[in-house]
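Encoded as structure tokens, the structure appears first; notes follow it.
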Amino acid sequence: MKSTAAIFAAFLLLTGVAASTSAPQQVPSPKDVVAPTIYVSLDPVGRGSQFQIAAVLKIRPGFHINAREKSEDYLIATDLRAEAPAGFQLGEVSYPKGGLHTFSFSKKPLNVYEDTITLRLPVTALSSAPLGAQHIPLKLRYQACSTEICLPPVTLTLDAGLNVAASSSASKPTHSEFFPPK
């Protein structure tokens, strides 16, 4: 009797494992595919200083997002935009080069980002920049896809928080891993 119960328990365990491996995977929210973190290259930022904001995007394994230089007109390119508050001047966002990858849904290789990428935005704190804690609002737009599905495009609202000092003499470089020396 014990051996029959043990065999039956093993059967239930195996069918449960088989059912769980063949169950369809949950489709993630597009907002959950990319985890952005924002870094500022100086702390504090002195008035009159040039600095950078880095948006480090960690892309979920098994997914990619379209590169800035898109391969096809119908693709939605990754886009980072910022609004310059009073006292700041923004430069052009620097995007990394994508990688060409072949997918079953496209006849030609597509230019995409995978894993972790860094977008950089040069900023100047003007002599009129307000002192103390400041914020530069950012918007990140992307479309995430796997080999099976493309999720709807999404726009995330991000924030670059920084401290402004009266003089650049107090500024110290931070997060050197994201801001290589010029």
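Going by the structure tokens order, chains are called A, B, ..., each with residues numbered from 1, while ligands are numbered from 1 in the order shown.
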- Message: Need the shell around Arg68 (chain A): protein/DNA/RNA residues with any atom at most 6 Å away, counting only C-alpha atoms. Skip same-chain ones fewer than 2 positions apart. Format as a list of chain:residue names?
- Response: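 What passes the distance filter is A:Lys70, A:Ala77, A:Thr78.
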Near region 161-174 of chain A, 10 Å: region 36-115 of chain A residue rows, closest pairs, only C-alpha atoms, as a tab-separated table:
residue	atom	partner	partner_atom	distance
A:Ile38	CA	A:Gly161	CA	8.4
A:Tyr39	CA	A:Gly161	CA	8.4
A:Val40	CA	A:Leu162	CA	7.0
A:Ser41	CA	A:Thr174	CA	5.1
A:Leu42	CA	A:Pro173	CA	4.6
A:Asp43	CA	A:Lys172	CA	5.5
A:Pro44	CA	A:Asn163	CA	5.0
A:Val45	CA	A:Val164	CA	4.8
A:Gly46	CA	A:Ser168	CA	3.8
A:Arg47	CA	A:Ala166	CA	5.5
A:Gly48	CA	A:Ser168	CA	7.0
A:Ser49	CA	A:Ser168	CA	6.1
A:Gln50	CA	A:Ser168	CA	9.5
A:Phe51	CA	A:Pro173	CA	9.1
A:Ile53	CA	A:Gly161	CA	9.6
If you run DSSP on the backbone, which residues of region 21-86 of chain A are strand (DSSP E or B), as an mmCIF file with N, CA and C atoms, in the first residue's frame?
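See out-v2.cif below for the written result:
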data_model
loop_
_atom_site.group_PDB
_atom_site.id
_atom_site.type_symbol
_atom_site.label_atom_id
_atom_site.label_comp_id
_atom_site.auth_asym_id
_atom_site.auth_seq_id
_atom_site.Cartn_x
_atom_site.Cartn_y
_atom_site.Cartn_z
ATOM 1 N N VAL A 34 12.304 47.409 -18.785
ATOM 2 C CA VAL A 34 13.490 48.253 -18.678
ATOM 3 C C VAL A 34 13.511 48.883 -17.284
ATOM 4 N N ALA A 35 14.637 48.721 -16.592
ATOM 5 C CA ALA A 35 14.808 49.333 -15.270
ATOM 6 C C ALA A 35 15.832 50.465 -15.403
ATOM 7 N N PRO A 36 15.351 51.723 -15.478
ATOM 8 C CA PRO A 36 16.284 52.845 -15.616
ATOM 9 C C PRO A 36 16.764 53.365 -14.259
ATOM 10 N N THR A 37 18.029 53.754 -14.217
ATOM 11 C CA THR A 37 18.598 54.425 -13.050
ATOM 12 C C THR A 37 19.308 55.677 -13.558
ATOM 13 N N ILE A 38 19.131 56.787 -12.850
ATOM 14 C CA ILE A 38 19.679 58.070 -13.279
ATOM 15 C C ILE A 38 20.860 58.447 -12.384
ATOM 16 N N TYR A 39 21.950 58.908 -13.004
ATOM 17 C CA TYR A 39 23.154 59.343 -12.296
ATOM 18 C C TYR A 39 23.577 60.718 -12.806
ATOM 19 N N VAL A 40 24.202 61.501 -11.929
ATOM 20 C CA VAL A 40 24.739 62.824 -12.280
ATOM 21 C C VAL A 40 26.246 62.770 -12.060
ATOM 22 N N LEU A 42 28.529 65.107 -11.328
ATOM 23 C CA LEU A 42 29.147 65.962 -10.300
ATOM 24 C C LEU A 42 28.240 66.085 -9.082
ATOM 25 N N ASP A 43 28.858 66.214 -7.922
ATOM 26 C CA ASP A 43 28.098 66.494 -6.710
ATOM 27 C C ASP A 43 28.965 67.307 -5.765
ATOM 28 N N VAL A 45 26.892 70.252 -8.167
ATOM 29 C CA VAL A 45 27.149 70.880 -9.460
ATOM 30 C C VAL A 45 27.332 72.370 -9.190
ATOM 31 N N GLY A 46 28.491 72.909 -9.548
ATOM 32 C CA GLY A 46 28.724 74.339 -9.329
ATOM 33 C C GLY A 46 28.122 75.172 -10.446
ATOM 34 N N GLN A 50 29.874 72.385 -16.426
ATOM 35 C CA GLN A 50 29.293 71.446 -17.373
ATOM 36 C C GLN A 50 29.344 70.077 -16.719
ATOM 37 N N PHE A 51 28.247 69.341 -16.838
ATOM 38 C CA PHE A 51 28.178 68.002 -16.248
ATOM 39 C C PHE A 51 27.330 67.124 -17.155
ATOM 40 N N GLN A 52 27.183 65.868 -16.769
ATOM 41 C CA GLN A 52 26.386 64.933 -17.563
ATOM 42 C C GLN A 52 25.374 64.223 -16.679
ATOM 43 N N ILE A 53 24.281 63.854 -17.317
ATOM 44 C CA ILE A 53 23.291 62.971 -16.705
ATOM 45 C C ILE A 53 23.372 61.664 -17.481
ATOM 46 N N ALA A 54 23.437 60.552 -16.769
ATOM 47 C CA ALA A 54 23.440 59.235 -17.406
ATOM 48 C C ALA A 54 22.147 58.515 -17.035
ATOM 49 N N ALA A 55 21.480 57.990 -18.042
ATOM 50 C CA ALA A 55 20.338 57.098 -17.833
ATOM 51 C C ALA A 55 20.832 55.695 -18.153
ATOM 52 N N VAL A 56 21.002 54.882 -17.130
ATOM 53 C CA VAL A 56 21.480 53.515 -17.306
ATOM 54 C C VAL A 56 20.244 52.617 -17.373
ATOM 55 N N LEU A 57 20.083 51.950 -18.508
ATOM 56 C CA LEU A 57 18.898 51.132 -18.753
ATOM 57 C C LEU A 57 19.252 49.658 -18.687
ATOM 58 N N LYS A 58 18.702 48.978 -17.710
ATOM 59 C CA LYS A 58 18.912 47.533 -17.599
ATOM 60 C C LYS A 58 17.700 46.861 -18.242
ATOM 61 N N ILE A 59 17.951 46.133 -19.339
ATOM 62 C CA ILE A 59 16.894 45.509 -20.127
ATOM 63 C C ILE A 59 16.751 44.046 -19.697
ATOM 64 N N HIS A 64 14.588 42.953 -25.938
ATOM 65 C CA HIS A 64 15.438 43.997 -26.506
ATOM 66 C C HIS A 64 14.557 45.219 -26.728
ATOM 67 N N ILE A 65 15.196 46.366 -26.895
ATOM 68 C CA ILE A 65 14.478 47.573 -27.290
ATOM 69 C C ILE A 65 15.145 48.084 -28.555
ATOM 70 N N ASN A 66 14.375 48.779 -29.377
ATOM 71 C CA ASN A 66 14.934 49.283 -30.628
ATOM 72 C C ASN A 66 15.980 50.346 -30.342
ATOM 73 N N ASP A 79 14.142 56.827 -27.142
ATOM 74 C CA ASP A 79 14.227 58.279 -27.135
ATOM 75 C C ASP A 79 14.252 58.796 -25.696
ATOM 76 N N LEU A 80 15.251 59.617 -25.384
ATOM 77 C CA LEU A 80 15.338 60.267 -24.079
ATOM 78 C C LEU A 80 15.231 61.774 -24.297
ATOM 79 N N ARG A 81 14.297 62.387 -23.598
ATOM 80 C CA ARG A 81 14.108 63.842 -23.686
ATOM 81 C C ARG A 81 14.142 64.435 -22.291
ATOM 82 N N ALA A 82 14.613 65.672 -22.232
ATOM 83 C CA ALA A 82 14.675 66.379 -20.955
ATOM 84 C C ALA A 82 14.065 67.757 -21.112
#
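Of the listed residues (A:Ser71, A:Gln134, A:Thr102, A:Asn111), A:Gln134 comes nearest to Ala84 (chain A); the distances count only C-alpha atoms.
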- Selection: 7 Å around Phe63 (chain A), only C-alpha atoms, excl. self and same-chain fewer than 5 positions, as number ranges by chain: A: 114, 144-146
Please produce an output containing C-alpha atoms for each residue in the selection, written as an mmCIF file, in the first residue's frame.
data_model
loop_
_atom_site.group_PDB
_atom_site.id
_atom_site.type_symbol
_atom_site.label_atom_id
_atom_site.label_comp_id
_atom_site.auth_asym_id
_atom_site.auth_seq_id
_atom_site.Cartn_x
_atom_site.Cartn_y
_atom_site.Cartn_z
ATOM 1 C CA GLU A 114 20.076 44.369 -25.098
ATOM 2 C CA ALA A 144 10.363 46.324 -25.871
ATOM 3 C CA CYS A 145 10.173 43.069 -27.823
ATOM 4 C CA SER A 146 11.141 39.452 -27.331
#
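When CA of Ser176 (chain A) is paired with CA of Glu69 (chain A), their separation reads 26.6 Å.
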- Length of the CA of Leu126 (chain A) to CA of Arg141 (chain A) vector [Å]: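 Atom-to-atom, CA of Leu126 (chain A) and CA of Arg141 (chain A) are spaced 27.7 Å apart.
Of the listed residues A:Ile117, A:Val123, A:Leu131, A:Leu110, the one whose atoms come nearest to Leu90 (chain A) is A:Val123, with distances taken using only C-alpha atoms.
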- Distance CA of His135 (chain A)-CA of Ala67 (chain A), one decimal place? 26.8 Å
- List every residue of region 12-169 of chain A that DSSP, applied to the backbone of this structure, places in alpha helix (DSSP H), and write the result as a PyMOL selection string. chain A and resi 12-22
